[in-house]
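Visitor: mmCIF, C-alpha atoms and all ligand atoms, saved as work19.cif, coming up:
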```cif
data_upload
loop_
_atom_site.label_atom_id
_atom_site.label_comp_id
_atom_site.auth_asym_id
_atom_site.auth_seq_id
_atom_site.Cartn_x
_atom_site.Cartn_y
_atom_site.Cartn_z
CA MET A 900 19.18 -9.00 8.55
CA MET A 901 20.22 -8.86 4.95
CA ASN A 902 18.95 -11.62 2.79
CA ARG A 903 22.05 -12.82 0.91
CA ASP A 904 19.97 -14.87 -1.51
CA ILE A 905 18.06 -11.77 -2.60
CA VAL A 906 21.32 -9.88 -3.09
CA SER A 907 22.64 -12.76 -5.23
CA LEU A 908 19.46 -12.85 -7.29
CA ILE A 909 19.84 -9.13 -7.93
CA ASN A 910 23.51 -9.37 -8.85
CA ASN A 911 23.14 -12.43 -11.08
CA ASN A 912 20.16 -11.33 -13.16
CA GLN A 913 19.24 -8.62 -15.64
CA GLU A 914 15.46 -8.40 -16.22
CA PHE A 915 13.42 -7.22 -13.27
CA ILE A 916 9.74 -6.42 -12.78
CA ILE A 917 8.40 -4.67 -9.70
CA THR A 918 4.73 -4.60 -8.78
CA SER A 919 2.43 -3.82 -5.87
CA HIS A 920 -1.24 -3.87 -4.97
CA VAL A 921 -4.37 -2.47 -6.63
CA ASN A 922 -5.06 1.17 -5.63
CA PRO A 923 -1.43 1.78 -4.72
CA ASP A 924 -0.68 4.04 -1.76
CA GLY A 925 2.41 6.01 -0.80
CA ASP A 926 4.12 2.92 0.57
CA SER A 927 3.56 1.00 -2.67
CA ILE A 928 4.71 3.76 -4.99
CA GLY A 929 7.57 4.98 -2.77
CA SER A 930 8.91 1.45 -2.26
CA GLU A 931 8.64 0.61 -5.94
CA ILE A 932 10.48 3.76 -7.00
CA ALA A 933 13.26 3.33 -4.42
CA LEU A 934 13.84 -0.27 -5.51
CA GLN A 935 13.65 0.58 -9.22
CA LEU A 936 16.23 3.36 -8.82
CA TYR A 937 18.53 0.97 -6.95
CA LEU A 938 18.26 -1.74 -9.64
CA LYS A 939 18.79 0.85 -12.35
CA SER A 940 21.93 2.11 -10.59
CA LEU A 941 23.30 -1.44 -10.92
CA GLY A 942 22.68 -1.36 -14.68
CA LYS A 943 19.67 -3.67 -14.53
CA ASN A 944 16.52 -3.42 -16.66
CA ALA A 945 13.85 -2.81 -14.08
CA GLY A 946 10.26 -1.94 -14.88
CA ILE A 947 7.35 -1.16 -12.62
CA LEU A 948 3.99 -2.59 -13.69
CA ASN A 949 0.89 -1.85 -11.61
CA TYR A 950 -2.71 -2.87 -12.08
CA SER A 951 -3.93 0.64 -11.17
CA PRO A 952 -2.71 4.01 -12.40
CA THR A 953 -0.54 6.04 -10.04
CA PRO A 954 -2.69 8.46 -8.03
CA ASP A 955 -1.84 12.06 -9.06
CA ASN A 956 -0.44 12.97 -5.65
CA TYR A 957 2.30 10.33 -5.94
CA THR A 958 3.48 11.02 -9.50
CA PHE A 959 6.13 13.45 -8.16
CA LEU A 960 8.02 10.39 -6.89
CA ASP A 961 8.13 8.96 -10.42
CA LYS A 962 10.16 11.69 -12.12
CA GLU A 963 11.20 9.53 -15.08
CA ARG A 964 7.63 8.17 -15.46
CA VAL A 965 8.83 4.58 -15.29
CA ILE A 966 5.64 3.23 -13.74
CA GLU A 967 3.38 1.66 -16.35
CA GLN A 968 -0.20 0.59 -15.93
CA PHE A 969 -0.44 -3.12 -16.69
CA ASP A 970 -1.73 -3.97 -20.16
CA GLU A 971 -2.03 -7.72 -20.77
CA ALA A 972 -1.25 -7.62 -24.50
CA LYS A 973 1.69 -5.26 -24.11
CA HIS A 974 3.31 -6.62 -20.95
CA LYS A 975 2.56 -10.31 -20.55
CA GLU A 976 5.71 -11.47 -22.38
CA ARG A 977 7.85 -9.22 -20.20
CA ILE A 978 6.40 -10.78 -17.07
CA LEU A 979 6.67 -14.33 -18.42
CA ASN A 980 10.31 -13.80 -19.42
CA ALA A 981 11.52 -11.73 -16.47
CA ASP A 982 14.34 -13.11 -14.33
CA VAL A 983 13.07 -11.71 -11.05
CA ILE A 984 9.72 -10.26 -9.98
CA PHE A 985 9.47 -8.19 -6.84
CA ILE A 986 6.06 -8.00 -5.17
CA LEU A 987 5.94 -5.15 -2.70
CA ASP A 988 3.50 -4.24 0.06
CA THR A 989 1.06 -7.11 -0.41
CA ASN A 990 1.40 -10.84 0.15
CA GLU A 991 -1.78 -11.66 -1.75
CA PHE A 992 -1.80 -12.45 -5.44
CA GLU A 993 -5.46 -11.45 -5.57
CA ARG A 994 -4.36 -7.86 -4.86
CA VAL A 995 -2.13 -7.63 -7.94
CA ARG A 996 -5.32 -8.48 -9.85
CA THR A 997 -4.78 -9.32 -13.55
CA LEU A 998 -0.98 -9.58 -13.24
CA ALA A 999 -1.34 -12.64 -11.00
CA PRO A 1000 -1.78 -15.40 -13.62
CA TYR A 1001 1.25 -14.13 -15.57
CA ILE A 1002 3.39 -13.92 -12.44
CA HIS A 1003 2.41 -17.48 -11.55
CA ALA A 1004 3.24 -18.66 -15.07
CA SER A 1005 6.51 -16.71 -15.25
CA LYS A 1006 9.89 -18.41 -15.05
CA ALA A 1007 11.02 -15.56 -12.78
CA LYS A 1008 12.03 -15.91 -9.15
CA LYS A 1009 9.34 -14.24 -7.05
CA ILE A 1010 10.52 -12.08 -4.18
CA LEU A 1011 8.15 -10.63 -1.60
CA ILE A 1012 9.01 -7.56 0.48
CA ASP A 1013 6.11 -6.78 2.78
CA HIS A 1014 4.76 -6.01 6.24
CA HIS A 1015 1.25 -7.53 6.15
CA LEU A 1016 -0.14 -10.38 8.22
CA GLY A 1017 -1.13 -13.73 6.75
CA PHE A 1018 1.82 -14.38 4.45
CA LYS A 1019 2.24 -17.86 2.89
CA PRO A 1020 5.98 -18.61 2.36
CA GLU A 1021 5.30 -21.37 -0.18
CA LEU A 1022 4.04 -18.76 -2.68
CA PHE A 1023 7.43 -17.00 -2.97
CA ASP A 1024 11.01 -17.99 -3.75
CA GLU A 1025 12.50 -15.42 -1.39
CA TYR A 1026 11.05 -12.90 0.99
CA ILE A 1027 11.66 -10.27 3.60
CA VAL A 1028 8.56 -9.99 5.75
CA ASP A 1029 8.36 -7.96 8.93
CA THR A 1030 4.86 -7.51 10.31
CA ASP A 1031 6.16 -5.24 13.09
CA SER A 1032 7.39 -2.76 10.52
CA PRO A 1033 5.04 0.16 9.84
CA ALA A 1034 5.94 0.35 6.15
CA THR A 1035 7.47 -1.68 3.35
CA GLY A 1036 9.65 1.39 2.78
CA GLU A 1037 11.24 0.85 6.19
CA ILE A 1038 12.11 -2.76 5.33
CA LEU A 1039 13.68 -1.60 2.05
CA TYR A 1040 15.65 1.12 3.86
CA ARG A 1041 17.18 -1.53 6.14
CA PHE A 1042 17.85 -3.75 3.12
CA PHE A 1043 19.83 -0.97 1.39
CA LYS A 1044 21.71 -0.05 4.58
CA ASP A 1045 22.63 -3.69 5.16
CA ILE A 1046 24.05 -3.90 1.64
CA GLU A 1047 26.11 -0.76 2.31
CA LYS A 1048 27.45 -2.33 5.49
CA ALA A 1049 28.14 -5.74 3.97
CA GLU A 1050 29.87 -4.30 0.92
CA GLY A 1051 31.65 -1.55 2.81
CA LYS A 1052 30.06 1.09 0.56
CA THR A 1053 28.14 4.25 1.16
CA GLY A 1054 25.88 6.17 -1.19
CA ILE A 1055 23.57 3.32 -2.23
CA ILE A 1056 20.63 5.45 -1.15
CA THR A 1057 20.43 8.55 -3.33
CA LYS A 1058 18.42 11.69 -2.58
CA GLU A 1059 15.61 10.51 -4.89
CA MET A 1060 15.51 7.12 -3.22
CA ALA A 1061 15.50 8.80 0.19
CA GLN A 1062 12.53 10.92 -0.86
CA ALA A 1063 10.61 7.85 -2.05
CA LEU A 1064 11.36 5.96 1.18
CA TYR A 1065 10.41 8.97 3.28
CA ALA A 1066 7.07 9.22 1.45
CA ALA A 1067 6.47 5.48 1.91
CA ILE A 1068 7.07 5.65 5.65
CA MET A 1069 5.28 8.95 6.18
CA THR A 1070 2.09 7.79 4.47
CA ASP A 1071 1.93 4.32 6.01
CA THR A 1072 2.49 5.66 9.53
CA GLY A 1073 -0.24 8.33 9.09
CA SER A 1074 2.52 10.95 9.29
CA PHE A 1075 4.35 9.17 12.13
CA LYS A 1076 1.45 8.56 14.48
CA PHE A 1077 0.12 5.01 14.00
CA ASN A 1078 0.93 2.27 16.50
CA ARG A 1079 3.93 0.67 14.86
CA THR A 1080 5.74 4.02 14.63
CA ASP A 1081 8.65 3.58 16.99
CA GLU A 1082 12.11 4.85 17.85
CA GLU A 1083 13.58 2.99 14.89
CA THR A 1084 11.11 4.66 12.51
CA HIS A 1085 12.18 8.09 13.73
CA THR A 1086 15.86 7.13 13.54
CA ILE A 1087 15.37 6.04 9.93
CA ILE A 1088 13.48 9.25 9.15
CA ALA A 1089 16.23 11.31 10.78
CA ASP A 1090 18.78 9.62 8.54
CA LEU A 1091 16.63 10.10 5.43
CA LEU A 1092 16.41 13.83 6.20
CA THR A 1093 20.21 14.05 5.98
CA TYR A 1094 19.81 13.51 2.22
CA GLY A 1095 18.44 17.03 2.00
CA LEU A 1096 14.71 16.34 1.98
CA ASN A 1097 12.14 18.95 2.92
CA PRO A 1098 9.37 17.34 5.03
CA TYR A 1099 6.87 20.11 4.33
CA ASP A 1100 7.33 19.86 0.56
CA ILE A 1101 6.82 16.10 0.58
CA TYR A 1102 3.78 16.35 2.85
CA SER A 1103 2.35 19.09 0.70
CA GLU A 1104 2.86 17.18 -2.56
CA ILE A 1105 0.89 14.27 -1.09
CA TYR A 1106 -1.78 15.82 1.10
CA ASN A 1107 -2.39 19.36 -0.10
CA LYS A 1108 -3.69 18.31 -3.50
CA SER A 1109 -7.44 18.09 -2.86
CA SER A 1110 -9.91 19.18 -5.48
CA LEU A 1111 -13.02 21.03 -4.34
CA GLY A 1112 -14.99 17.94 -5.40
CA ARG A 1113 -13.01 15.80 -2.98
CA LEU A 1114 -13.89 18.11 -0.09
CA HIS A 1115 -17.53 18.03 -1.15
CA LEU A 1116 -17.33 14.23 -1.17
CA LEU A 1117 -15.78 14.37 2.30
CA GLY A 1118 -18.71 16.54 3.37
CA ARG A 1119 -21.17 13.86 2.27
CA PHE A 1120 -19.08 11.16 3.94
CA LEU A 1121 -19.04 13.09 7.24
CA ASN A 1122 -22.78 13.77 7.04
CA ASN A 1123 -23.52 10.07 6.56
CA ILE A 1124 -21.58 8.79 9.57
CA THR A 1125 -23.65 6.38 11.64
CA LEU A 1126 -22.79 5.18 15.16
CA MET A 1127 -23.75 1.78 16.58
CA TYR A 1128 -23.09 -0.25 19.72
CA ASN A 1129 -22.92 2.68 22.14
CA GLY A 1130 -20.79 4.64 19.72
CA ARG A 1131 -18.03 2.02 19.57
CA LEU A 1132 -18.60 1.42 15.86
CA ALA A 1133 -18.75 4.20 13.26
CA TYR A 1134 -19.37 3.67 9.58
CA SER A 1135 -20.18 5.69 6.52
CA VAL A 1136 -21.28 4.63 3.05
CA ILE A 1137 -20.22 6.26 -0.21
CA HIS A 1138 -22.33 5.42 -3.26
CA ARG A 1139 -21.44 5.63 -6.94
CA LYS A 1140 -23.65 8.69 -7.31
CA ASP A 1141 -21.60 10.50 -4.64
CA PHE A 1142 -18.52 10.15 -6.84
CA GLU A 1143 -20.45 11.18 -9.94
CA GLU A 1144 -22.03 14.23 -8.32
CA SER A 1145 -18.72 15.44 -6.87
CA SER A 1146 -16.71 14.67 -10.06
CA THR A 1147 -14.36 12.41 -8.12
CA ASP A 1148 -13.40 8.75 -8.26
CA GLU A 1149 -12.72 6.05 -5.72
CA TYR A 1150 -9.14 7.27 -5.17
CA ALA A 1151 -10.57 10.38 -3.52
CA ILE A 1152 -11.49 8.52 -0.31
CA GLU A 1153 -7.92 8.01 0.87
CA GLY A 1154 -7.72 9.27 4.44
CA PHE A 1155 -11.47 9.51 5.07
CA SER A 1156 -11.34 6.66 7.62
CA SER A 1157 -9.29 8.77 10.05
CA HIS A 1158 -12.34 10.99 10.59
CA LEU A 1159 -14.29 7.99 11.92
CA MET A 1160 -11.47 7.25 14.37
CA SER A 1161 -11.41 10.87 15.56
CA LEU A 1162 -14.73 10.25 17.34
CA GLU A 1163 -14.09 9.85 21.06
CA THR A 1164 -16.06 6.65 21.65
CA VAL A 1165 -15.12 4.84 18.43
CA VAL A 1166 -12.85 1.77 18.45
CA LEU A 1167 -13.76 0.45 15.01
CA GLY A 1168 -14.44 2.46 11.86
CA ILE A 1169 -15.66 1.12 8.52
CA VAL A 1170 -15.71 2.98 5.22
CA ILE A 1171 -18.04 1.24 2.79
CA THR A 1172 -17.53 2.30 -0.81
CA GLN A 1173 -19.44 1.35 -3.92
CA THR A 1174 -16.91 1.25 -6.75
CA LEU A 1175 -17.41 0.36 -10.41
CA ARG A 1176 -16.42 -3.27 -9.90
CA GLY A 1177 -17.77 -3.99 -6.45
CA VAL A 1178 -17.85 -2.90 -2.82
CA LYS A 1179 -14.71 -1.92 -0.93
CA LEU A 1180 -14.64 -2.24 2.84
CA SER A 1181 -11.95 -0.28 4.65
CA PHE A 1182 -11.43 -0.93 8.37
CA ARG A 1183 -9.53 1.01 11.05
CA SER A 1184 -9.43 0.07 14.72
CA ASN A 1185 -7.85 0.91 18.04
CA GLY A 1186 -5.74 -1.33 20.28
CA ASP A 1187 -6.76 -4.97 20.43
CA VAL A 1188 -9.74 -4.73 18.11
CA PHE A 1189 -8.63 -7.15 15.37
CA SER A 1190 -10.02 -5.45 12.29
CA ASN A 1191 -8.09 -7.83 10.02
CA GLU A 1192 -10.14 -10.77 11.33
CA LEU A 1193 -13.36 -8.97 10.48
CA ALA A 1194 -11.89 -8.19 7.04
CA GLY A 1195 -11.07 -11.89 6.76
CA GLU A 1196 -14.77 -12.73 7.10
CA PHE A 1197 -15.21 -10.87 3.80
CA GLY A 1198 -12.23 -12.43 2.05
CA GLY A 1199 -9.85 -9.57 2.88
CA GLY A 1200 -7.05 -8.98 5.36
CA GLY A 1201 -4.30 -6.54 6.28
CA HIS A 1202 -3.02 -5.34 9.63
CA GLN A 1203 -4.59 -5.56 13.08
CA ASN A 1204 -5.59 -1.88 13.11
CA ALA A 1205 -5.93 -1.22 9.35
CA SER A 1206 -7.42 -3.69 6.95
CA GLY A 1207 -9.73 -4.05 4.01
CA ALA A 1208 -11.71 -6.30 1.75
CA PHE A 1209 -13.16 -6.13 -1.72
CA ILE A 1210 -16.39 -7.86 -2.71
CA PRO A 1211 -16.75 -8.00 -6.51
CA GLY A 1212 -20.21 -6.97 -7.61
CA GLY A 1213 -21.37 -6.87 -3.97
CA ASP A 1214 -24.88 -5.73 -2.99
CA ILE A 1215 -24.10 -2.63 -0.95
CA ASP A 1216 -27.24 -2.51 1.23
CA LYS A 1217 -26.89 -6.15 2.18
CA LEU A 1218 -23.19 -5.68 2.89
CA VAL A 1219 -23.81 -2.72 5.18
CA LYS A 1220 -26.17 -4.85 7.29
CA ASP A 1221 -23.86 -7.83 7.21
CA VAL A 1222 -20.60 -6.07 8.08
CA THR A 1223 -22.08 -3.98 10.88
CA ALA A 1224 -23.74 -7.09 12.39
CA LYS A 1225 -20.53 -9.13 12.16
CA ALA A 1226 -18.54 -6.23 13.66
CA GLU A 1227 -20.24 -6.50 17.06
CA LYS A 1228 -18.23 -9.44 18.33
CA TYR A 1229 -14.91 -7.61 17.76
CA LEU A 1230 -15.80 -4.56 19.84
P1 LIG B 1301 -7.13 0.94 2.97
O1 LIG B 1301 -8.28 0.96 3.90
O2 LIG B 1301 -6.19 2.06 3.21
O3 LIG B 1301 -7.50 0.73 1.55
O4 LIG B 1301 -6.33 -0.37 3.35
C1 LIG B 1301 -5.77 -0.54 4.61
C2 LIG B 1301 -5.01 -1.85 4.64
O5 LIG B 1301 -5.94 -2.91 4.48
C3 LIG B 1301 -4.05 -2.02 3.48
O6 LIG B 1301 -2.78 -1.58 3.85
C4 LIG B 1301 -4.07 -3.48 3.25
O7 LIG B 1301 -3.24 -4.07 4.19
C5 LIG B 1301 -5.44 -3.92 3.65
N1 LIG B 1301 -6.39 -4.09 2.53
C6 LIG B 1301 -7.12 -3.14 1.91
N2 LIG B 1301 -7.91 -3.68 0.97
C7 LIG B 1301 -7.69 -5.01 1.01
C8 LIG B 1301 -8.22 -6.12 0.27
O8 LIG B 1301 -9.06 -6.00 -0.61
N3 LIG B 1301 -7.72 -7.35 0.60
C9 LIG B 1301 -6.80 -7.51 1.58
N4 LIG B 1301 -6.40 -8.74 1.85
N5 LIG B 1301 -6.28 -6.49 2.27
C10 LIG B 1301 -6.71 -5.27 2.00
MN MN B 1302 2.34 -0.67 3.37
#
```
In C-alpha cells, what does this structure look like?
Guide:
Amino acid sequence: MMNRDIVSLINNNQEFIITSHVNPDGDSIGSEIALQLYLKSLGKNAGILNYSPTPDNYTFLDKERVIEQFDEAKHKERILNADVIFILDTNEFERVRTLAPYIHASKAKKILIDHHLGFKPELFDEYIVDTDSPATGEILYRFFKDIEKAEGKTGIITKEMAQALYAAIMTDTGSFKFNRTDEETHTIIADLLTYGLNPYDIYSEIYNKSSLGRLHLLGRFLNNITLMYNGRLAYSVIHRKDFEESSTDEYAIEGFSSHLMSLETVVLGIVITQTLRGVKLSFRSNGDVFSNELAGEFGGGGHQNASGAFIPGGDIDKLVKDVTAKAEKYL
C-alpha cells in the first residue's frame, strides 16, 4: 500500500537527507541510491550521509559519488535544517551512530523504510515497515510502483534505480536463497531485469572483488571454527591481529557467516569479530532458532535468522564464553 503521507511529504518539501546503518550493506547502499535518484528526478535536493564509508564493492552503484561520509562539523547544520530525513534499513538510532543526536534535534520529518523486527512507531513521523520483506529495496520498489499506478505514470524507475534495487534485493536475499525470498521477490526481480540489467555483471561487481588478503583472512576464519552442543552451534573468532596480518579491515568479513551455516549439523552460527571500537557479534540461524533474541541479550537485534550486536570496548575472551553459553537455550 502506498503511503500517501510520505508522497505528500516528498512533494511538499525540498531538502532531503537519506541515511542508513553503520557498515552499510548492499541493501543500505542500493536503497539509498534508488531513493536519492528518485528525489533528484523530482528536482529535490537530496543528500546521502552515512556514518561509515561505502565499501568498495558497492561504489559502482554510486556513479555520481553522492554518498558522503558523515562529518559532524561539515554536515550537522544540513541535518538540523533538513525538511525530511529518510532512515533506511534500520529502525535503531544507535545504528546510525553519531548522526543520531542531530537527527533527533532536527526539525525534519523522520521517515523510516525498513524490514527489521523491533520497530518503535513513536520514534518516526511516518514509516513503511514490512518485516516479511527480504530487503528494504523490495519495499522501495513497491513504493515506486504504487506511485506509478496512483499517478498513472510509467518510467519512475530508471535503469540506474533498477540496478540499485536489484543489488539491494540480491544481497539481502543471499542471491535469492534466504527464507523470505518468495514468488513476489522473483516477480520483482523479473521486472527489474526488463530495465536491461545484466545479473552476472552486478553479481561480479559485488562478489568477485576479493583481495588475496581477504581470502587469507577467510582461511584463518575457517581454520578457527569451533563446534559445540553436538555440532548444532558453530562459531569462529577473528582478532585484530588477523586483520593486521592479512592487510584487511572489518569490512572483509562480509559473507563469512555463510560458511558456518554450510556445516550439516549447524543451526546457529556466530561470527565474533574484534574491531577497533569493540566486539561485533554476527548471528545466522536456521528455521525457528530465534537468533535475534540471542542478539537482544547483547543489546542487538535484527531478523529471526540473521542478527547482530555490537559491544563497545568488549572483552573478547569473556564475550566468547558468554555468548556461546547463552546460545545453548536457543538450539
Ligand atoms: P550482519 O551479520 O550481516 O552484520 O548483520 C545481519 C543483520 O543483523 C543485519 O541485517 C541487522 O539486521 C542485524 N544487526 C547487525 N548488527 C547489529 C547491531 O549491532 N545491532 C542491531 N540491533 N542489529 C544488528
Ligand atoms: Mn536490509
Visitor: So how many Å separate atom CA of Asp988 of chain A and atom CA of Thr1035 of chain A, to one decimal?
Guide: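 Distance reported for this atom pair: 5.8 Å.
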Visitor: Pick out the residues sitting within 8 Å of Tyr937 of chain A, and hand them over as an NGL selection string; count only C-alpha atoms, and ignore anything fewer than 2 positions along from it in its own chain.
Guide: :A and (933-935 or 939-941 or 1055-1056 or 1060)
Visitor: Only C-alpha atoms, please: the residues just picked out, written as a short mmCIF file (atom, residue, chain, number, x, y, z; two decimals), in the coordinates of the input.
Guide:
```
data_model
loop_
_atom_site.label_atom_id
_atom_site.label_comp_id
_atom_site.auth_asym_id
_atom_site.auth_seq_id
_atom_site.Cartn_x
_atom_site.Cartn_y
_atom_site.Cartn_z
CA ALA A 933 13.26 3.33 -4.42
CA LEU A 934 13.84 -0.27 -5.51
CA GLN A 935 13.65 0.58 -9.22
CA LYS A 939 18.79 0.85 -12.35
CA SER A 940 21.93 2.11 -10.59
CA LEU A 941 23.30 -1.44 -10.92
CA ILE A 1055 23.57 3.32 -2.23
CA ILE A 1056 20.63 5.45 -1.15
CA MET A 1060 15.51 7.12 -3.22
#
```
Visitor: Nearest residue to Phe1120 of chain A out of A:Leu1132, A:Glu1104, A:Tyr1026, A:Ser1145, using all atoms listed in the file?
Guide: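 Closest residue, counting all atoms listed in the file: A:Ser1145.
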Visitor: Mind running chain A against ligand MN 1302 (chain B) at 12 Å and telling me each contacting residue's nearest atom pair with the distance in Å (one decimal), counting only C-alpha atoms and all ligand atoms, chain and number ascending, as a tab-separated table?
Guide:
```
residue	atom	partner	partner_atom	distance
A:Ser919	CA	B:MN1302	MN	9.8
A:His920	CA	B:MN1302	MN	9.6
A:Asn922	CA	B:MN1302	MN	11.8
A:Pro923	CA	B:MN1302	MN	9.3
A:Asp924	CA	B:MN1302	MN	7.6
A:Gly925	CA	B:MN1302	MN	7.9
A:Asp926	CA	B:MN1302	MN	4.9
A:Ser927	CA	B:MN1302	MN	6.4
A:Ile928	CA	B:MN1302	MN	9.8
A:Gly929	CA	B:MN1302	MN	9.8
A:Ser930	CA	B:MN1302	MN	8.9
A:Glu931	CA	B:MN1302	MN	11.3
A:Ile986	CA	B:MN1302	MN	11.9
A:Leu987	CA	B:MN1302	MN	8.4
A:Asp988	CA	B:MN1302	MN	5.0
A:Thr989	CA	B:MN1302	MN	7.6
A:Asn990	CA	B:MN1302	MN	10.7
A:Ile1012	CA	B:MN1302	MN	10.0
A:Asp1013	CA	B:MN1302	MN	7.2
A:His1014	CA	B:MN1302	MN	6.5
A:His1015	CA	B:MN1302	MN	7.5
A:Leu1016	CA	B:MN1302	MN	11.1
A:Val1028	CA	B:MN1302	MN	11.5
A:Asp1029	CA	B:MN1302	MN	11.0
A:Thr1030	CA	B:MN1302	MN	10.1
A:Asp1031	CA	B:MN1302	MN	11.4
A:Ser1032	CA	B:MN1302	MN	9.0
A:Pro1033	CA	B:MN1302	MN	7.1
A:Ala1034	CA	B:MN1302	MN	4.7
A:Thr1035	CA	B:MN1302	MN	5.2
A:Gly1036	CA	B:MN1302	MN	7.6
A:Glu1037	CA	B:MN1302	MN	9.5
A:Ile1038	CA	B:MN1302	MN	10.2
A:Leu1039	CA	B:MN1302	MN	11.5
A:Leu1064	CA	B:MN1302	MN	11.4
A:Ala1066	CA	B:MN1302	MN	11.1
A:Ala1067	CA	B:MN1302	MN	7.6
A:Ile1068	CA	B:MN1302	MN	8.2
A:Met1069	CA	B:MN1302	MN	10.4
A:Thr1070	CA	B:MN1302	MN	8.5
A:Asp1071	CA	B:MN1302	MN	5.7
A:Thr1072	CA	B:MN1302	MN	8.8
A:Gly1073	CA	B:MN1302	MN	11.0
A:Arg1079	CA	B:MN1302	MN	11.7
A:Gly1201	CA	B:MN1302	MN	9.3
A:His1202	CA	B:MN1302	MN	9.5
A:Ala1205	CA	B:MN1302	MN	10.2
A:Ser1206	CA	B:MN1302	MN	10.8
```
Visitor: From the set A:Ile905, A:Leu1162, A:Ile1101, A:Ala1063, which residue has the shortest atom-to-atom contact distance to Thr1125 of chain A, counting all atoms listed in the file?
Guide: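 Selected residue with least distance to Thr1125 of chain A: A:Leu1162.
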Visitor: Separation of atom CA of Glu1196 of chain A and atom CA of Arg996 of chain A, in Å?
Guide: 19.9 Å
Visitor: Determine the nearest neighbour of ligand LIG 1301 (chain B) from the options A:Asp1148, A:Glu1153, A:Glu1021, A:Glu1083, counting all atoms listed in the file.
Guide: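 Using all atoms listed in the file, the shortest distance to ligand LIG 1301 (chain B) belongs to A:Glu1153.
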Visitor: Using all atoms listed in the file, which of the listed residues (A:Leu1111, A:Leu1193, A:Val965, A:Ile1010) sits closest to ligand LIG 1301 (chain B)?
Guide: A:Leu1193
Visitor: Kindly reconstruct segment 1165-1178 of chain A with N, CA, C and O atoms and present the result as a short mmCIF file (atom, residue, chain, number, x, y, z; two decimals), keeping the file's coordinate frame.
Guide:
```
data_model
loop_
_atom_site.label_atom_id
_atom_site.label_comp_id
_atom_site.auth_asym_id
_atom_site.auth_seq_id
_atom_site.Cartn_x
_atom_site.Cartn_y
_atom_site.Cartn_z
N VAL A 1165 -15.25 5.85 19.48
CA VAL A 1165 -15.12 4.84 18.43
C VAL A 1165 -13.85 4.00 18.58
O VAL A 1165 -12.77 4.54 18.79
N VAL A 1166 -14.02 2.67 18.48
CA VAL A 1166 -12.85 1.77 18.45
C VAL A 1166 -12.73 1.04 17.12
O VAL A 1166 -11.70 0.43 16.83
N LEU A 1167 -13.80 1.09 16.33
CA LEU A 1167 -13.76 0.45 15.01
C LEU A 1167 -14.49 1.34 14.02
O LEU A 1167 -15.61 1.78 14.28
N GLY A 1168 -13.83 1.64 12.91
CA GLY A 1168 -14.44 2.46 11.86
C GLY A 1168 -14.47 1.68 10.54
O GLY A 1168 -13.51 0.98 10.22
N ILE A 1169 -15.55 1.82 9.81
CA ILE A 1169 -15.66 1.12 8.52
C ILE A 1169 -16.11 2.11 7.44
O ILE A 1169 -17.14 2.77 7.58
N VAL A 1170 -15.32 2.20 6.40
CA VAL A 1170 -15.71 2.98 5.22
C VAL A 1170 -16.21 1.99 4.18
O VAL A 1170 -15.48 1.06 3.80
N ILE A 1171 -17.43 2.17 3.73
CA ILE A 1171 -18.04 1.24 2.79
C ILE A 1171 -18.25 1.98 1.47
O ILE A 1171 -19.00 2.96 1.41
N THR A 1172 -17.54 1.54 0.44
CA THR A 1172 -17.53 2.30 -0.81
C THR A 1172 -18.03 1.46 -1.97
O THR A 1172 -17.54 0.34 -2.18
N GLN A 1173 -18.95 2.01 -2.71
CA GLN A 1173 -19.44 1.35 -3.92
C GLN A 1173 -18.58 1.81 -5.09
O GLN A 1173 -18.63 2.98 -5.48
N THR A 1174 -17.75 0.89 -5.60
CA THR A 1174 -16.91 1.25 -6.75
C THR A 1174 -17.52 0.62 -8.01
O THR A 1174 -18.51 -0.09 -7.94
N LEU A 1175 -16.88 0.88 -9.14
CA LEU A 1175 -17.41 0.36 -10.41
C LEU A 1175 -17.49 -1.16 -10.42
O LEU A 1175 -18.42 -1.74 -10.94
N ARG A 1176 -16.49 -1.81 -9.81
CA ARG A 1176 -16.42 -3.27 -9.90
C ARG A 1176 -16.99 -4.00 -8.71
O ARG A 1176 -17.13 -5.21 -8.73
N GLY A 1177 -17.27 -3.30 -7.63
CA GLY A 1177 -17.77 -3.99 -6.45
C GLY A 1177 -17.71 -3.09 -5.23
O GLY A 1177 -17.53 -1.88 -5.36
N VAL A 1178 -17.82 -3.69 -4.05
CA VAL A 1178 -17.85 -2.90 -2.82
C VAL A 1178 -16.52 -3.05 -2.09
O VAL A 1178 -16.03 -4.17 -1.89
#
```
